[in-house]
Every structure is written in C-alpha cells, then in structure tokens.
Amino acid sequence: MKKIYSLTKEEKLEALRILYEYFPDAGPELNYNNEFELLGAVMLSAQTTDVRVNIVTEELFKKFKTPYDYLDADIKEIEDLIKSIGLYKNKAKNLKKTAEILVEKFDGKVPNTREELESLPGVGRKTANVVLSVAFGIPAIAVDTHVHRTANRIGLVKSKNVWETEQQLMELIPKEDWFKAHHVLILYGRRISKARNPDCENDPIKHISLHCRGLLEE
C-alpha cells in the first residue's frame with residue numbers, strides 16, 4: 001500500500017471515535033467458557049472464519065474441557081472433530097502439545113505473560129495478544145489481516161507488516177482503548193472495508209478514509 005496523503009492525528013482519532021459509535025458492541029466473536037477454551041479457539045481461528053471455529057468448538061469443547069482431557073486423547077479423534085477447518089492436522093497436533101505443556105509447566109492453567117504464551121506450539125504474537133487482552137484484561141492490540149488492512153486503508157498507519165501496524169497503533173491509541181480498537185477494526189474489516197469490494201458508499205468514515213477518498217494507492 002502506498003500512501004500519497006497523510007491524516008493528522010486528530011483525523012485518525014476522529015475516525016476511531018466514529019467507528020466506536022458505529023460498532024458499540026464490538027467484542028470477541030469466538031465462543032468460549034474459560035481461558036483454555038479461548039486459547040484453543042484462537043489457535044484454531046488462523047486462516048478460518050470465527051463462524052466456522054464456533055461450529056467446530058461446539059463439539060470439541062464438549063469432549064475436551066481442560067488440558068488434562070487431551071493427555072490421553074488419540075490425535076485422530078481431535079483431527080476428526082476439527083477437520084472442517086483449514087490446517088486441521090497441524091492445529092490438532094498443536095492443541096494436544098499445548099495441553100501437555102500447560103499440564104507439565106503451568107499446572108494446567110493458561111499463563112498470562114506474552115513470553116510464556118508464545119512458548120506454546122501454534123501460539124504467535126497475535127494469538128498471545130488476544131488471550132492477554134480478552135482473558136486477562138492486559139492491554140494489547142492483536143493485529144490480524146483485517147486490522148492490518150483497515151488501519152492502512154483508513155490512514156491510521158503506514159506499515160508493511162502486522163508488527164509495524166501494531167507498533168504504530170499502540171503509539172496512536174490510548175492504552176485503555178486498545179481492546180476496543182482491536183475489535184472495532186476487525187468488525188469494520190469484515191463488514192465494510194472487506195478485502196474485496198470494500199463498501200465505501202456505506203462507510204461511516206468515508207470522509208476521512210484515504211482509501212474511500214481515493215488518496216491511497218493499493
């Protein structure tokens with residue numbers, strides 16, 4: 001994405017304020033009952049929609065409620081329960097191995113530090129940030145493809161990758177709003193500023209967004 005115009009800080013914050021009002025109930029769309037189920041659901045969500053993950057976890061979480069339930073599980077049984085999502089074989093392996101590590105090193109509990117979370121198989125920075133923010137209330141901005149795309153399209157950031165996007169958003173947005181901003185940008189990306197055919201006509205920030213104003217070359 002090549003920016004040919006820059007928003008002021010005031011314009012960026014105004015865009016976010018409008019989106020907060022437009023999506024007042026923005027929050028996690030994955031279904032879970034505890035920290036461990038949240039971790040598992042986020043691990044499964046890579047390259048898969050939340051809707052599909054929720055369908056899969058409805059059965060998965062009935063069978064596997066805690067890390068201890070995975071210890072003696074046959075990997076094929078886990079695969080069968082999640083086989084309708086992408087990369088299911090690798091995700092099944094990571095779920096089982098993560099459960100084993102949680103029992104071995106963390107007394108069966110999900111850790112609440114980024115370093116410990118990222119030590120688990122299949123857990124990267126985005127997944128760790130989601131768990132820290134949603135499960136433990138620790139301020140973090142989890143940048144997925146929606147957040148990266150929309151933040152650049154609006155003009156909130158000028159970045160080449162998710163790491164740069166996260167850093168620039170943290171500098172721009174007050175820490176107490178990180179959780180809200182993350183979920184609002186995801187909804188905005190899913191419902192309005194879609195990867196293909198973004199709906200600028202009905203975009204509540206079309207008067208600010210560089211993309212909708214034709215000031216951004218993608």
# chains A, B, ... in the order shown; residues from 1 in each chain; ligands from 1

call {"tool": "select_by_dssp", "arguments": {"residues": "stretch 46-147 of chain A", "states": "alpha helix (DSSP H)", "output": "PyMOL selection string"}}
result
chain A and resi 50-63+75-82+88-106+114-118+125-136+145-147

call {"tool": "residues_around", "arguments": {"residues": "stretch 179-184 of chain A", "least_positions_apart": "4", "cutoff": "7 Å", "atoms": "only C-alpha atoms", "output": "list in words"}}
result
Leu19, Tyr20, Phe23, Ala26, Gly27, Pro28, Ser133, Pro139, Ala140, Ile141, Ala142 and Tyr188 of chain A

call {"tool": "atom_distance", "arguments": {"atom1": "atom CA of A:Ser209", "atom2": "atom CA of A:Glu21"}}
result
16.2 Å

call {"tool": "closest_residue", "arguments": {"among": "A:Leu117, A:Cys212, A:Ile101, A:Val56", "to": "A:Ile192", "atoms": "only C-alpha atoms"}}
result
A:Cys212

call {"tool": "closest_residue", "arguments": {"among": "A:Tyr88, A:Glu29, A:Lys158, A:Ala135", "to": "A:Pro111", "atoms": "only C-alpha atoms"}}
result
A:Ala135

call {"tool": "closest_residue", "arguments": {"among": "A:Ser6, A:Ser119, A:Ser84, A:Thr98", "to": "A:Gly155", "atoms": "only C-alpha atoms"}}
result
A:Ser6

call {"tool": "atom_distance", "arguments": {"atom1": "atom CA of A:Lys160", "atom2": "atom CA of A:Asp50"}}
result
25.3 Å

call {"tool": "closest_residue", "arguments": {"among": "A:Glu37, A:Asp144, A:Asp203, A:Glu115", "to": "A:Lys65", "atoms": "only C-alpha atoms"}}
result
A:Glu37

call {"tool": "residues_around", "arguments": {"residues": "A:His148", "least_positions_apart": "6", "cutoff": "12 Å", "atoms": "only C-alpha atoms", "output": "mmCIF file with C-alpha atoms, in the first residue's frame"}}
result
data_model
loop_
_atom_site.group_PDB
_atom_site.id
_atom_site.type_symbol
_atom_site.label_atom_id
_atom_site.label_comp_id
_atom_site.auth_asym_id
_atom_site.auth_seq_id
_atom_site.Cartn_x
_atom_site.Cartn_y
_atom_site.Cartn_z
ATOM 1 C CA MET A 1 0.000 0.000 0.000
ATOM 2 C CA LYS A 126 -1.434 -12.194 17.602
ATOM 3 C CA ILE A 141 -3.643 -4.857 20.204
ATOM 4 C CA ALA A 142 -3.877 -8.107 18.265
ATOM 5 C CA ILE A 154 -8.061 4.398 6.669
ATOM 6 C CA GLY A 155 -4.671 6.024 7.064
ATOM 7 C CA LEU A 156 -4.208 5.292 10.753
ATOM 8 C CA VAL A 157 -0.829 3.733 9.987
ATOM 9 C CA LYS A 158 1.609 3.383 7.136
ATOM 10 C CA SER A 159 3.075 -0.068 7.529
ATOM 11 C CA LYS A 160 4.335 -3.034 5.548
ATOM 12 C CA ASN A 161 3.561 -5.775 8.052
ATOM 13 C CA VAL A 162 1.496 -6.627 11.123
ATOM 14 C CA TRP A 163 4.368 -5.868 13.518
ATOM 15 C CA GLU A 164 4.712 -2.298 12.242
ATOM 16 C CA THR A 165 0.932 -1.884 12.315
ATOM 17 C CA GLU A 166 0.780 -2.996 15.945
ATOM 18 C CA GLN A 167 3.558 -0.621 16.989
ATOM 19 C CA GLN A 168 2.043 2.379 15.198
ATOM 20 C CA LEU A 169 -1.445 1.692 16.561
ATOM 21 C CA HIS A 182 -8.811 -4.037 18.026
ATOM 22 C CA LEU A 185 -11.218 -2.571 13.340
ATOM 23 C CA ILE A 186 -11.903 -6.294 12.902
ATOM 24 C CA TYR A 188 -15.030 -2.769 10.189
ATOM 25 C CA GLY A 189 -12.822 -5.017 8.045
ATOM 26 C CA SER A 193 -13.789 -2.462 4.360
ATOM 27 C CA LYS A 194 -13.617 -6.019 3.039
ATOM 28 C CA ALA A 195 -10.556 -7.328 1.254
#

call {"tool": "closest_residue", "arguments": {"among": "A:Tyr70, A:Asn34, A:Gly214, A:Lys109", "to": "A:Cys200", "atoms": "only C-alpha atoms"}}
result
A:Gly214

call {"tool": "closest_residue", "arguments": {"among": "A:Met43, A:Thr57, A:Lys9, A:Leu16", "to": "A:Asn90", "atoms": "only C-alpha atoms"}}
result
A:Met43

call {"tool": "decode", "arguments": {"residues": "stretch 66-78 of chain A", "atoms": "N, CA and C atoms", "output": "PDB file, in the first residue's frame"}}
result
ATOM      1  N   THR A  66     -10.647 -29.376  29.497  1.00  0.00           N
ATOM      2  CA  THR A  66      -9.439 -28.889  30.169  1.00  0.00           C
ATOM      3  C   THR A  66      -8.217 -29.479  29.476  1.00  0.00           C
ATOM      4  N   PRO A  67      -7.037 -28.950  29.757  1.00  0.00           N
ATOM      5  CA  PRO A  67      -5.828 -29.524  29.167  1.00  0.00           C
ATOM      6  C   PRO A  67      -5.654 -31.007  29.505  1.00  0.00           C
ATOM      7  N   TYR A  68      -6.111 -31.397  30.672  1.00  0.00           N
ATOM      8  CA  TYR A  68      -5.943 -32.786  31.106  1.00  0.00           C
ATOM      9  C   TYR A  68      -6.714 -33.751  30.208  1.00  0.00           C
ATOM     10  N   ASP A  69      -7.808 -33.283  29.609  1.00  0.00           N
ATOM     11  CA  ASP A  69      -8.613 -34.149  28.751  1.00  0.00           C
ATOM     12  C   ASP A  69      -7.878 -34.537  27.464  1.00  0.00           C
ATOM     13  N   TYR A  70      -6.867 -33.758  27.099  1.00  0.00           N
ATOM     14  CA  TYR A  70      -6.136 -34.029  25.863  1.00  0.00           C
ATOM     15  C   TYR A  70      -5.007 -35.045  26.059  1.00  0.00           C
ATOM     16  N   LEU A  71      -4.600 -35.259  27.299  1.00  0.00           N
ATOM     17  CA  LEU A  71      -3.380 -36.027  27.551  1.00  0.00           C
ATOM     18  C   LEU A  71      -3.417 -37.424  26.959  1.00  0.00           C
ATOM     19  N   ASP A  72      -4.500 -38.126  27.141  1.00  0.00           N
ATOM     20  CA  ASP A  72      -4.604 -39.493  26.634  1.00  0.00           C
ATOM     21  C   ASP A  72      -5.422 -39.585  25.354  1.00  0.00           C
ATOM     22  N   ALA A  73      -5.697 -38.447  24.756  1.00  0.00           N
ATOM     23  CA  ALA A  73      -6.525 -38.433  23.551  1.00  0.00           C
ATOM     24  C   ALA A  73      -5.748 -38.922  22.340  1.00  0.00           C
ATOM     25  N   ASP A  74      -6.426 -39.634  21.472  1.00  0.00           N
ATOM     26  CA  ASP A  74      -5.854 -40.041  20.193  1.00  0.00           C
ATOM     27  C   ASP A  74      -5.882 -38.827  19.270  1.00  0.00           C
ATOM     28  N   ILE A  75      -4.763 -38.529  18.634  1.00  0.00           N
ATOM     29  CA  ILE A  75      -4.681 -37.359  17.763  1.00  0.00           C
ATOM     30  C   ILE A  75      -5.730 -37.421  16.656  1.00  0.00           C
ATOM     31  N   LYS A  76      -6.067 -38.636  16.226  1.00  0.00           N
ATOM     32  CA  LYS A  76      -7.068 -38.813  15.158  1.00  0.00           C
ATOM     33  C   LYS A  76      -8.445 -38.336  15.635  1.00  0.00           C
ATOM     34  N   GLU A  77      -8.740 -38.545  16.910  1.00  0.00           N
ATOM     35  CA  GLU A  77     -10.028 -38.099  17.441  1.00  0.00           C
ATOM     36  C   GLU A  77     -10.124 -36.577  17.411  1.00  0.00           C
ATOM     37  N   ILE A  78      -9.024 -35.909  17.757  1.00  0.00           N
ATOM     38  CA  ILE A  78      -9.004 -34.448  17.723  1.00  0.00           C
ATOM     39  C   ILE A  78      -9.134 -33.967  16.279  1.00  0.00           C
TER      40      ILE A  78
END
